[in-house]
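data-v5.txt (compact mmCIF, C-alpha atoms) appears below.
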# COMPACT_ATOMS: atom_id res chain seq x y z
CA MET A 1 -5.72 -42.04 -8.46
CA THR A 2 -7.30 -41.63 -4.95
CA ARG A 3 -10.83 -40.32 -4.60
CA PRO A 4 -9.93 -36.82 -3.22
CA THR A 5 -7.35 -36.37 -5.97
CA LEU A 6 -9.88 -37.38 -8.59
CA VAL A 7 -12.52 -34.96 -7.25
CA PHE A 8 -9.97 -32.12 -7.16
CA THR A 9 -8.76 -32.84 -10.69
CA LEU A 10 -12.29 -32.98 -12.08
CA THR A 11 -13.19 -29.73 -10.31
CA ALA A 12 -10.12 -27.96 -11.68
CA CYS A 13 -10.85 -29.18 -15.22
CA LEU A 14 -14.50 -28.13 -15.02
CA THR A 15 -13.54 -24.67 -13.75
CA LEU A 16 -11.09 -24.20 -16.60
CA VAL A 17 -13.49 -25.41 -19.29
CA VAL A 18 -16.73 -23.75 -18.13
CA GLY A 19 -16.96 -19.97 -17.86
CA GLY A 20 -19.88 -17.65 -17.30
CA CYS A 21 -21.36 -15.78 -20.25
CA VAL A 22 -20.48 -12.16 -20.99
CA THR A 23 -22.17 -9.68 -23.29
CA SER A 24 -20.27 -6.59 -24.30
CA SER A 25 -20.62 -3.52 -26.50
CA ILE A 26 -18.02 -1.11 -27.84
CA ASP A 27 -18.60 2.48 -29.01
CA GLU A 28 -15.83 4.28 -30.82
CA MET A 29 -15.30 7.76 -32.17
CA VAL A 30 -11.81 8.63 -33.41
CA PHE A 31 -10.28 11.01 -35.93
CA ASN A 32 -6.78 12.00 -37.07
CA GLU A 33 -5.57 8.41 -36.86
CA PRO A 34 -1.80 8.06 -37.40
CA THR A 35 -1.81 6.26 -40.78
CA GLU A 36 1.89 5.39 -40.59
CA GLY A 37 1.71 4.27 -36.96
CA ILE A 38 3.42 6.24 -34.21
CA GLY A 39 7.04 5.53 -35.16
CA ASP A 40 9.56 6.05 -32.36
CA ALA A 41 7.10 7.91 -30.17
CA SER A 42 5.54 6.36 -27.11
CA VAL A 43 2.08 6.03 -25.61
CA VAL A 44 1.08 6.21 -21.98
CA ILE A 45 -2.15 4.71 -20.64
CA LEU A 46 -3.34 6.23 -17.37
CA GLY A 47 -6.28 5.49 -15.08
CA ARG A 48 -8.55 8.24 -13.76
CA ARG A 49 -8.65 8.13 -9.97
CA HIS A 50 -10.39 11.29 -8.81
CA ALA A 51 -13.93 9.93 -8.37
CA SER A 52 -15.06 9.55 -4.79
CA ASP A 53 -16.56 6.07 -4.94
CA TYR A 54 -14.37 4.11 -7.37
CA ASP A 55 -10.89 3.90 -8.82
CA THR A 56 -9.95 2.73 -12.30
CA GLU A 57 -8.18 -0.49 -11.44
CA PRO A 58 -4.39 -0.50 -12.09
CA GLU A 59 -4.66 -4.10 -13.33
CA PHE A 60 -7.13 -2.98 -16.01
CA ILE A 61 -4.62 -0.38 -17.23
CA ARG A 62 -1.88 -3.04 -17.28
CA CYS A 63 -4.20 -5.41 -19.17
CA VAL A 64 -4.84 -2.83 -21.93
CA GLY A 65 -1.10 -2.08 -22.19
CA ARG A 66 -0.20 -5.78 -22.39
CA TYR A 67 -2.79 -6.37 -25.13
CA ILE A 68 -1.40 -3.58 -27.31
CA ARG A 69 2.27 -4.48 -26.72
CA ALA A 70 1.65 -8.18 -27.43
CA ARG A 71 0.05 -7.51 -30.83
CA ASP A 72 2.26 -4.70 -32.12
CA LYS A 73 5.74 -4.80 -30.67
CA SER A 74 6.67 -1.54 -32.40
CA ILE A 75 4.34 0.43 -30.10
CA ARG A 76 6.13 1.57 -26.95
CA VAL A 77 3.59 1.65 -24.12
CA LEU A 78 5.01 3.28 -20.98
CA ASP A 79 4.31 1.66 -17.63
CA GLU A 80 1.72 3.69 -15.69
CA LEU A 81 3.50 3.73 -12.32
CA ASP A 82 6.89 4.53 -13.92
CA PHE A 83 5.26 7.48 -15.71
CA LEU A 84 3.53 8.76 -12.56
CA ASN A 85 6.78 8.52 -10.59
CA ALA A 86 8.82 10.18 -13.33
CA LEU A 87 6.42 13.14 -13.40
CA TYR A 88 5.49 13.34 -9.72
CA PRO A 89 3.51 15.32 -8.53
CA TRP A 90 1.85 16.47 -11.75
CA PHE A 91 -0.26 13.40 -12.59
CA GLU A 92 -1.59 12.53 -9.14
CA PRO A 93 -5.41 12.41 -8.74
CA ARG A 94 -5.31 15.95 -7.25
CA THR A 95 -3.13 17.51 -9.94
CA ALA A 96 -3.68 15.50 -13.14
CA PRO A 97 -4.87 17.47 -16.18
CA LEU A 98 -8.58 16.92 -16.78
CA LYS A 99 -8.68 18.29 -20.33
CA PRO A 100 -6.09 18.61 -23.12
CA ALA A 101 -5.93 22.41 -22.66
CA ASP A 102 -4.49 21.83 -19.16
CA LEU A 103 -1.37 20.30 -20.77
CA ALA A 104 -0.25 23.70 -22.01
CA ARG A 105 -0.27 25.04 -18.45
CA LEU A 106 1.62 21.99 -17.27
CA MET A 107 4.26 22.48 -19.95
CA GLU A 108 5.07 25.90 -18.45
CA GLU A 109 6.92 23.97 -15.71
CA GLY A 110 10.34 23.63 -17.36
CA PRO A 111 11.42 20.30 -15.82
CA VAL A 112 8.05 18.72 -16.70
CA ALA A 113 8.34 19.80 -20.34
CA ASP A 114 11.89 18.43 -20.47
CA LYS A 115 10.86 15.09 -18.98
CA LEU A 116 7.91 14.67 -21.36
CA SER A 117 10.09 15.57 -24.31
CA GLU A 118 12.69 13.00 -23.16
CA MET A 119 9.95 10.33 -22.97
CA ASN A 120 8.73 11.28 -26.45
CA VAL A 121 5.07 10.86 -25.54
CA GLN A 122 2.83 11.17 -28.59
CA TYR A 123 -0.47 9.91 -27.18
CA MET A 124 -1.83 10.06 -23.66
CA ILE A 125 -4.78 7.73 -23.11
CA TRP A 126 -6.96 8.27 -20.04
CA ILE A 127 -9.18 5.39 -19.01
CA ASP A 128 -12.03 6.06 -16.62
CA GLY A 129 -14.31 3.38 -15.23
CA SER A 130 -14.53 0.30 -13.07
CA THR A 131 -15.98 -3.16 -12.71
CA VAL A 132 -18.61 -3.59 -10.01
CA GLN A 133 -20.76 -6.39 -8.69
CA THR A 134 -24.34 -5.29 -9.27
CA ASP A 135 -26.41 -8.24 -8.11
CA SER A 136 -26.01 -11.45 -6.14
CA ALA A 137 -28.26 -14.28 -5.00
CA GLY A 138 -28.15 -17.75 -3.49
CA SER A 139 -26.58 -19.13 -0.37
CA MET A 140 -23.88 -21.57 0.55
CA ALA A 141 -23.03 -23.32 3.80
CA CYS A 142 -19.63 -24.74 4.59
CA GLY A 143 -18.70 -26.95 7.48
CA ILE A 144 -15.60 -28.60 8.85
CA GLY A 145 -15.16 -31.40 11.32
CA ALA A 146 -12.76 -34.11 12.33
CA GLY A 147 -13.86 -36.26 9.39
CA GLY A 148 -13.31 -33.53 6.81
CA GLY A 149 -15.12 -30.54 5.45
CA GLY A 150 -17.27 -29.41 2.59
CA CYS A 151 -19.76 -26.91 1.21
CA PHE A 152 -23.28 -27.16 -0.11
CA GLY A 153 -25.33 -24.56 -1.91
CA PHE A 154 -25.46 -22.29 -4.94
CA GLY A 155 -24.43 -18.72 -5.49
CA THR A 156 -24.70 -16.41 -8.47
CA TRP A 157 -23.69 -12.80 -9.06
CA THR A 158 -23.53 -10.25 -11.86
CA ASN A 159 -20.58 -8.03 -12.69
CA ASP A 160 -20.78 -4.89 -14.82
CA SER A 161 -17.80 -3.21 -16.46
CA ASN A 162 -17.98 0.27 -17.89
CA TYR A 163 -14.81 1.98 -19.15
CA GLU A 164 -14.17 4.96 -21.38
CA ALA A 165 -10.83 5.80 -22.94
CA ALA A 166 -10.06 9.36 -24.05
CA ILE A 167 -7.16 9.65 -26.49
CA TRP A 168 -5.15 12.88 -26.31
CA ASP A 169 -2.72 13.84 -29.04
CA PHE A 170 0.12 15.29 -27.05
CA SER A 171 1.69 17.35 -29.85
CA GLU A 172 -1.64 18.91 -30.89
CA ARG A 173 -2.87 19.25 -27.27
CA ALA A 174 -6.23 17.92 -28.46
CA GLU A 175 -8.52 15.01 -27.88
CA VAL A 176 -8.59 12.79 -30.97
CA GLY A 177 -10.90 10.01 -29.94
CA ARG A 178 -13.02 8.21 -27.38
CA VAL A 179 -13.68 4.51 -26.97
CA ASN A 180 -16.31 3.14 -24.61
CA ALA A 181 -16.57 -0.50 -23.55
CA LYS A 182 -19.39 -2.02 -21.55
CA ALA A 183 -19.58 -5.64 -20.48
CA THR A 184 -21.99 -7.59 -18.29
CA GLY A 185 -21.68 -11.16 -17.17
CA GLN A 186 -23.15 -13.58 -14.69
CA SER A 187 -20.98 -15.91 -12.64
CA TYR A 188 -22.13 -19.04 -10.82
CA MET A 189 -20.79 -21.11 -7.96
CA PRO A 190 -22.53 -24.44 -7.33
CA ALA A 191 -21.14 -26.39 -4.40
CA VAL A 192 -21.55 -30.06 -3.66
CA VAL A 193 -18.70 -30.73 -1.18
CA ILE A 194 -16.36 -28.59 -3.29
CA PRO A 195 -17.42 -25.17 -4.64
CA ILE A 196 -17.04 -24.96 -8.41
CA PRO A 197 -16.61 -21.32 -9.50
CA ILE A 198 -17.85 -20.62 -13.03
CA ILE A 199 -16.53 -17.08 -13.45
CA ALA A 200 -17.61 -14.74 -16.22
CA PRO A 201 -14.52 -12.81 -17.44
CA VAL A 202 -16.30 -9.45 -17.47
CA GLN A 203 -13.32 -7.16 -16.86
CA GLY A 204 -11.15 -9.19 -19.26
CA THR A 205 -13.77 -8.84 -22.01
CA ALA A 206 -13.97 -5.08 -21.48
CA CYS A 207 -10.16 -4.92 -21.53
CA ASP A 208 -9.94 -6.84 -24.82
CA GLY A 209 -12.70 -4.71 -26.35
CA ILE A 210 -11.20 -1.35 -25.48
CA ALA A 211 -7.61 -2.46 -26.20
CA ALA A 212 -8.54 -3.81 -29.65
CA GLN A 213 -9.96 -0.40 -30.63
CA LEU A 214 -6.93 1.44 -29.26
CA LEU A 215 -4.64 -0.93 -31.14
CA ALA A 216 -6.55 -0.26 -34.36
CA PHE A 217 -6.06 3.48 -33.77
CA LEU A 218 -2.36 3.34 -32.89
CA SER A 219 -1.04 0.59 -35.14
CA SER A 220 -0.40 0.76 -38.85
CA GLU A 221 -0.79 -3.02 -39.03
CA TYR A 222 -4.40 -3.28 -37.79
CA MET B 1 4.19 -41.46 1.51
CA SER B 2 0.74 -43.08 1.31
CA PRO B 3 -2.33 -41.12 0.09
CA SER B 4 -4.02 -41.54 3.51
CA VAL B 5 -1.13 -39.75 5.23
CA ILE B 6 -1.42 -36.87 2.77
CA PHE B 7 -5.20 -36.74 3.29
CA ASP B 8 -4.76 -36.64 7.10
CA GLY B 9 -2.21 -33.85 6.73
CA LEU B 10 -4.59 -31.82 4.58
CA ARG B 11 -7.37 -32.34 7.15
CA HIS B 12 -5.17 -31.02 9.96
CA CYS B 13 -4.20 -28.04 7.82
CA ALA B 14 -7.89 -27.30 7.17
CA LEU B 15 -8.66 -27.44 10.90
CA ALA B 16 -5.75 -25.12 11.69
CA LEU B 17 -6.91 -22.74 8.94
CA ALA B 18 -10.46 -22.71 10.32
CA LEU B 19 -9.13 -21.93 13.82
CA LEU B 20 -6.96 -19.16 12.39
CA CYS B 21 -9.99 -17.68 10.60
CA LEU B 22 -11.94 -17.60 13.87
CA LEU B 23 -9.08 -15.98 15.75
CA SER B 24 -8.46 -13.37 13.08
CA ALA B 25 -11.89 -11.84 13.80
CA CYS B 26 -10.36 -10.26 16.93
CA GLY B 27 -6.82 -9.03 17.71
CA THR B 28 -4.94 -6.10 16.19
CA SER B 29 -4.17 -5.47 12.56
CA THR B 30 -0.82 -3.72 12.31
CA VAL B 31 0.23 -1.86 9.19
CA GLN B 32 3.78 -0.54 8.98
CA VAL B 33 3.29 1.76 6.00
CA GLU B 34 5.93 1.14 3.34
CA GLY B 35 6.32 2.64 -0.09
CA ASP B 36 8.69 4.32 -2.52
CA PHE B 37 8.32 8.05 -2.90
CA PRO B 38 9.69 9.85 -5.94
CA ALA B 39 11.40 13.24 -5.93
CA PRO B 40 9.23 16.05 -7.35
CA VAL B 41 9.86 17.22 -10.89
CA MET B 42 10.04 20.97 -10.38
CA GLU B 43 12.39 23.94 -10.27
CA PRO B 44 13.67 24.10 -6.66
CA LEU B 45 12.88 27.28 -4.71
CA PRO B 46 16.18 29.16 -4.32
CA ILE B 47 16.15 29.11 -0.53
CA THR B 48 17.71 27.02 2.23
CA ILE B 49 15.07 25.51 4.47
CA GLY B 50 15.59 23.99 7.88
CA VAL B 51 13.28 21.15 8.89
CA TRP B 52 12.38 20.07 12.38
CA MET B 53 10.64 16.71 12.60
CA ALA B 54 9.63 15.92 16.17
CA ASP B 55 9.86 12.33 17.42
CA GLU B 56 6.08 12.03 17.37
CA PHE B 57 6.19 12.88 13.66
CA ARG B 58 9.11 10.53 12.86
CA ASN B 59 7.38 7.70 14.77
CA HIS B 60 3.81 8.62 13.98
CA GLU B 61 1.33 5.87 14.74
CA PHE B 62 -2.43 5.85 14.58
CA PHE B 63 -4.17 3.37 16.86
CA ASP B 64 -7.87 2.61 16.65
CA GLU B 65 -9.03 0.33 19.44
CA ALA B 66 -11.90 -2.04 18.69
CA LYS B 67 -15.04 -0.72 20.34
CA THR B 68 -17.20 -3.82 20.02
CA LYS B 69 -16.70 -7.56 20.32
CA GLY B 70 -15.71 -9.24 17.06
CA LYS B 71 -14.10 -6.08 15.63
CA ARG B 72 -10.34 -5.73 15.20
CA SER B 73 -8.15 -2.95 16.50
CA TRP B 74 -5.98 -1.21 13.95
CA SER B 75 -2.49 0.19 14.30
CA VAL B 76 -1.31 2.21 11.29
CA GLN B 77 2.34 3.21 11.64
CA THR B 78 3.16 5.97 9.17
CA GLY B 79 6.28 7.51 10.79
CA LYS B 80 8.91 5.80 8.63
CA ALA B 81 6.98 6.45 5.42
CA GLN B 82 6.26 10.08 6.44
CA THR B 83 9.98 10.73 6.95
CA SER B 84 10.86 9.06 3.66
CA MET B 85 8.22 10.94 1.64
CA TRP B 86 8.90 14.40 3.13
CA ASP B 87 12.66 13.93 2.74
CA ALA B 88 12.28 13.13 -0.98
CA LEU B 89 9.79 15.96 -1.49
CA LEU B 90 11.58 18.75 0.39
CA THR B 91 14.97 17.80 -1.06
CA GLY B 92 13.50 18.35 -4.52
CA MET B 93 11.49 21.46 -3.61
CA PHE B 94 14.25 23.62 -2.10
CA ARG B 95 17.77 24.54 -3.13
CA SER B 96 19.08 23.19 0.13
CA LEU B 97 17.62 21.25 3.06
CA VAL B 98 19.00 21.23 6.61
CA TYR B 99 17.66 18.88 9.30
CA LEU B 100 17.71 20.50 12.73
CA ASP B 101 19.00 18.53 15.73
CA ALA B 102 16.98 20.48 18.27
CA GLU B 103 13.51 22.02 18.35
CA PRO B 104 13.65 25.67 17.25
CA VAL B 105 12.98 28.21 19.99
CA ALA B 106 11.55 31.70 19.40
CA GLY B 107 14.28 34.32 19.58
CA GLU B 108 17.15 31.87 19.05
CA ALA B 109 18.64 32.19 15.58
CA THR B 110 19.46 29.11 13.51
CA ALA B 111 22.47 29.65 11.29
CA ASP B 112 22.57 29.13 7.53
CA VAL B 113 18.83 28.76 6.91
CA ASP B 114 16.28 31.16 5.42
CA GLY B 115 13.39 29.58 7.30
CA ILE B 116 12.35 26.55 9.30
CA LEU B 117 9.50 24.20 8.44
CA VAL B 118 7.82 22.19 11.21
CA PRO B 119 5.38 19.52 9.96
CA ARG B 120 2.95 17.72 12.29
CA VAL B 121 0.33 15.04 11.65
CA ASP B 122 -2.78 16.50 13.27
CA GLU B 123 -5.22 13.72 12.50
CA LEU B 124 -5.51 10.45 10.59
CA GLN B 125 -8.66 8.55 9.72
CA TYR B 126 -9.13 5.34 7.81
CA ALA B 127 -12.06 3.38 6.41
CA ILE B 128 -12.28 -0.19 5.22
CA PRO B 129 -15.12 -1.85 3.25
CA ALA B 130 -16.17 -3.88 6.32
CA THR B 131 -17.21 -0.66 8.08
CA THR B 132 -18.42 1.52 5.20
CA ASN B 133 -19.93 -0.93 2.66
CA ILE B 134 -18.11 1.03 -0.07
CA LYS B 135 -15.61 -1.12 -1.91
CA VAL B 136 -12.65 1.17 -1.38
CA TYR B 137 -10.07 1.47 1.37
CA GLU B 138 -9.47 5.07 2.39
CA VAL B 139 -6.92 6.99 4.45
CA TRP B 140 -7.33 10.67 5.23
CA MET B 141 -4.74 12.82 6.98
CA ARG B 142 -4.62 16.38 8.21
CA TYR B 143 -1.26 18.10 8.66
CA LYS B 144 -0.40 21.22 10.57
CA PHE B 145 2.55 23.19 9.26
CA GLN B 146 4.47 25.94 10.92
CA LEU B 147 6.94 28.09 9.04
CA LEU B 148 9.41 29.93 11.25
CA SER B 149 11.94 32.58 10.40
CA ALA B 150 15.63 31.81 10.99
CA ASP B 151 15.13 33.57 14.35
CA GLY B 152 12.44 31.07 15.35
CA ASP B 153 9.54 33.53 15.05
CA THR B 154 6.34 32.22 13.48
CA VAL B 155 5.93 33.36 9.88
CA ALA B 156 2.97 31.18 8.86
CA GLU B 157 0.75 28.45 10.22
CA TRP B 158 -1.65 26.48 8.07
CA THR B 159 -3.36 23.11 7.80
CA MET B 160 -3.43 20.81 4.81
CA SER B 161 -5.37 17.61 4.19
CA SER B 162 -4.55 14.63 2.03
CA TYR B 163 -6.52 11.63 0.88
CA GLY B 164 -5.71 8.25 -0.55
CA LYS B 165 -7.90 5.38 -1.60
CA THR B 166 -7.50 2.02 -3.24
CA PRO B 167 -10.16 -0.35 -4.58
CA THR B 168 -10.71 -3.82 -3.21
CA ALA B 169 -8.73 -6.40 -5.10
CA PHE B 170 -8.89 -10.16 -5.32
CA LEU B 171 -6.52 -11.89 -2.87
CA GLN B 172 -5.50 -8.58 -1.29
CA SER B 173 -5.51 -8.47 2.52
CA ASP B 174 -7.04 -5.56 4.45
CA GLU B 175 -3.54 -4.68 5.71
CA ALA B 176 -2.05 -4.54 2.19
CA ALA B 177 -4.96 -2.39 0.99
CA VAL B 178 -4.70 0.05 3.94
CA ASN B 179 -0.93 0.29 3.28
CA LEU B 180 -1.59 1.18 -0.34
CA ALA B 181 -4.27 3.73 0.62
CA ALA B 182 -1.82 5.29 3.12
CA VAL B 183 0.90 5.48 0.44
CA MET B 184 -1.61 7.19 -1.87
CA ALA B 185 -2.51 9.63 0.93
CA LEU B 186 1.19 10.41 1.46
CA ARG B 187 1.69 10.96 -2.27
CA ASP B 188 -1.34 13.25 -2.25
CA ALA B 189 0.11 15.16 0.72
CA GLY B 190 3.33 15.67 -1.24
CA ALA B 191 1.41 16.79 -4.35
CA ASN B 192 -0.74 19.19 -2.32
CA PHE B 193 2.25 20.69 -0.51
CA ALA B 194 4.45 20.98 -3.60
CA THR B 195 1.81 22.72 -5.70
CA ASN B 196 0.37 24.97 -3.01
CA PHE B 197 3.26 25.94 -0.71
CA THR B 198 3.99 29.21 -2.47
CA LYS B 199 0.26 30.05 -2.61
CA VAL B 200 -0.21 30.19 1.17
CA PRO B 201 -0.59 33.98 1.60
CA ALA B 202 1.78 34.33 4.57
CA VAL B 203 4.38 32.10 2.85
CA SER B 204 4.07 34.13 -0.34
CA ASP B 205 4.62 37.37 1.62
CA TRP B 206 7.63 35.84 3.37
CA LEU B 207 9.15 34.75 0.05
CA GLN B 208 8.77 38.37 -1.17
CA THR B 209 10.85 39.52 1.79
CA LEU B 210 13.59 37.12 0.60
CA ASP B 211 13.43 38.76 -2.83
CA TYR B 212 11.90 35.65 -4.32
CA ALA B 213 8.69 36.06 -6.30
CA PRO B 214 7.13 32.64 -6.92
CA ALA B 215 6.00 31.76 -10.42
CA GLY B 216 4.75 28.67 -12.15
CA PRO B 217 1.63 26.89 -13.24
CA ALA B 218 -1.54 26.60 -11.24
CA PRO B 219 -2.73 23.02 -11.72
Mind turning the file's structure into structure tokens?
Amino acid sequence: MTRPTLVFTLTACLTLVVGGCVTSSIDEMVFNEPTEGIGDASVVILGRRHASDYDTEPEFIRCVGRYIRARDKSIRVLDELDFLNALYPWFEPRTAPLKPADLARLMEEGPVADKLSEMNVQYMIWIDGSTVQTDSAGSMACGIGAGGGGCFGFGTWTNDSNYEAAIWDFSERAEVGRVNAKATGQSYMPAVVIPIPIIAPVQGTACDGIAAQLLAFLSSEY
Amino acid sequence: MSPSVIFDGLRHCALALALLCLLSACGTSTVQVEGDFPAPVMEPLPITIGVWMADEFRNHEFFDEAKTKGKRSWSVQTGKAQTSMWDALLTGMFRSLVYLDAEPVAGEATADVDGILVPRVDELQYAIPATTNIKVYEVWMRYKFQLLSADGDTVAEWTMSSYGKTPTAFLQSDEAAVNLAAVMALRDAGANFATNFTKVPAVSDWLQTLDYAPAGPAP
């Protein structure tokens, strides 16, 4: 193995093995859990996007959906974009219902009621929040020349995730639970020729935390 | 192939990449807005509407020239996406849609339509994290609408704004993010128009004259 190949391989291995540390906390308050599961009905997980300075990331919504689907294949989780397109323009940031009572008004639109009935939506889960970088320090210099290139230095940064899921029972037009997930983690990037990112999976931890609670609510097996 | 040849190749690639990075600080970023726009889920209004889209609307382009050295100019071309979105929206909103071949003229009647809608993009603004320090890409648009009677007389004129934003994402280029923000702004324009068209006072009065009293939810 040549020297550059060896350095690259070692770097890749180190990056995969070492990760930054994450601390997380979950708060949950649910009632009227479906003891028999949700049967043939489906669930839709939607991100809130009406705040002025952040958007709930679509990949976070997909992550929560994937987690639930992977662990209980009987739960039908509708794709967010498919749902938004199928019910356009009633779930856009400007028009989306902000409280369960708004659903009744939405159901007065005949074609919307028909479409929702066709989709057999039992639970609508709204997730609001985002992951932001709150702090960073360090410096790194990179250079390149005819003989090659490289970096030297050290960087570190902190990411904070804060998400809240509100569970709406569609048939009762009522909120039946809230789950909050917070996670904080510090990532590092030392660089001696090659930068070695040691990333803290902050958003992934928040996703797993919130999805596990939602799974426990929706599934009869957990 | 020997390892030294591969290493030399990688070195040349790195040099080319560095040069590309330097060059990308200037020049023009061009975004041809592309997206899929769904039809609205609603009871169509029982009227036949004519639509006149001027060439400047069909080929709408926003150009922001770099004011200082090291900044990039931006060209955001929304015309194709505008046409696509408004076609899907208006087709679903009205019983029948007729595209006009010529600009309507006051006093000249257009056959087989109840009214004529003339949309115009009055203004477009965009913001990227490099200029605002907020980690979202934003596109804001203001439309001017004119509703004409079948005789070409002005029935209503109003403005409407729309807004779209998208968060920064790993490995997403500025161009891809501005495209997504523009698609969100177009979707918002469609949502705003679809839910508020019948609430514009002059439009509401005009619909009464056609014996159509609008009803429906107020989101």
task = Figure out the distance between CA of Asn59 in chain B and CA of Ala181 in chain B, please, to one decimal in Å.
result = 18.8 Å
request  = Using all atoms listed in the file, find the residues of chain A whose closest atom to chain B is at most 8 Å away, then write them as a ChimeraX atom specification.
outcome  = /A:2,53-55,57,85-90,92-97,102,105-106,108-112,144-148
query = Out of A:Phe154, A:Phe91, A:Tyr67, A:Phe170, which residue has the shortest atom-to-atom distance to Ser117 in chain A when counting all atoms listed in the file?
reply =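 Using all atoms listed in the file, the shortest distance to Ser117 in chain A belongs to A:Phe170.
Shell of range 155-161 of chain B at 8 Å, with only C-alpha atoms counted and residues fewer than 5 places along the chain excluded, is Trp140, Met141, Arg142, Tyr143, Lys144, Phe145, Gln146, Leu147, Leu148, Ser149, Ala189, Asn192, Phe193, Val200, Ala202, Val203 and Trp206 of chain B.
The neighbours of Pro100 in chain A here are the residues that come within 7 Å of it, using all atoms listed in the file and leaving out any residue fewer than 4 positions away in the same chain; they are Trp168, Arg173, Ala174 and Glu175 of chain A.
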Output file for the selection above: C-alpha atoms, as a short mmCIF file (atom, residue, chain, number, x, y, z; two decimals), in the frame of the given file:
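What follows is the written file out_22.cif:
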data_model
loop_
_atom_site.label_atom_id
_atom_site.label_comp_id
_atom_site.auth_asym_id
_atom_site.auth_seq_id
_atom_site.Cartn_x
_atom_site.Cartn_y
_atom_site.Cartn_z
CA TRP A 168 -5.15 12.88 -26.31
CA ARG A 173 -2.87 19.25 -27.27
CA ALA A 174 -6.23 17.92 -28.46
CA GLU A 175 -8.52 15.01 -27.88
#
inquiry  = Just to confirm, what's the straight-line distance from CA of Ala185 in chain B to CA of Ile128 in chain B in Å (one decimal)?
reply    =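 Separation between CA of Ala185 in chain B and CA of Ile128 in chain B: 14.5 Å.
For the residues B:Thr83, B:Thr198, B:Thr48, B:Ser204, ranking by smallest atom-to-atom distance to Ala150 in chain B using all atoms listed in the file places B:Thr48 first.
As for CA of Val176 in chain A and CA of Ser219 in chain A, they are spaced 14.9 Å apart.
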request  = Take the point (-18.0, -33.4, 0.1) in the file's coordinates, draw a sphere of radius 9 Å around it, and report as a PyMOL selection string every protein, DNA or RNA residue with an atom inside or on it, counting only C-alpha atoms.
outcome  = chain A and resi 148-152+191-194
ask   = At a cut-off of 9 Å from (19.4, 21.6, 4.1) in the coordinates of the file, what residues are picked up using only C-alpha atoms, written as a list in words?
value = Thr48, Ile49, Gly50, Val51, Thr91, Phe94, Arg95, Ser96, Leu97, Val98, Tyr99, Leu100, Asp112 and Val113 of chain B
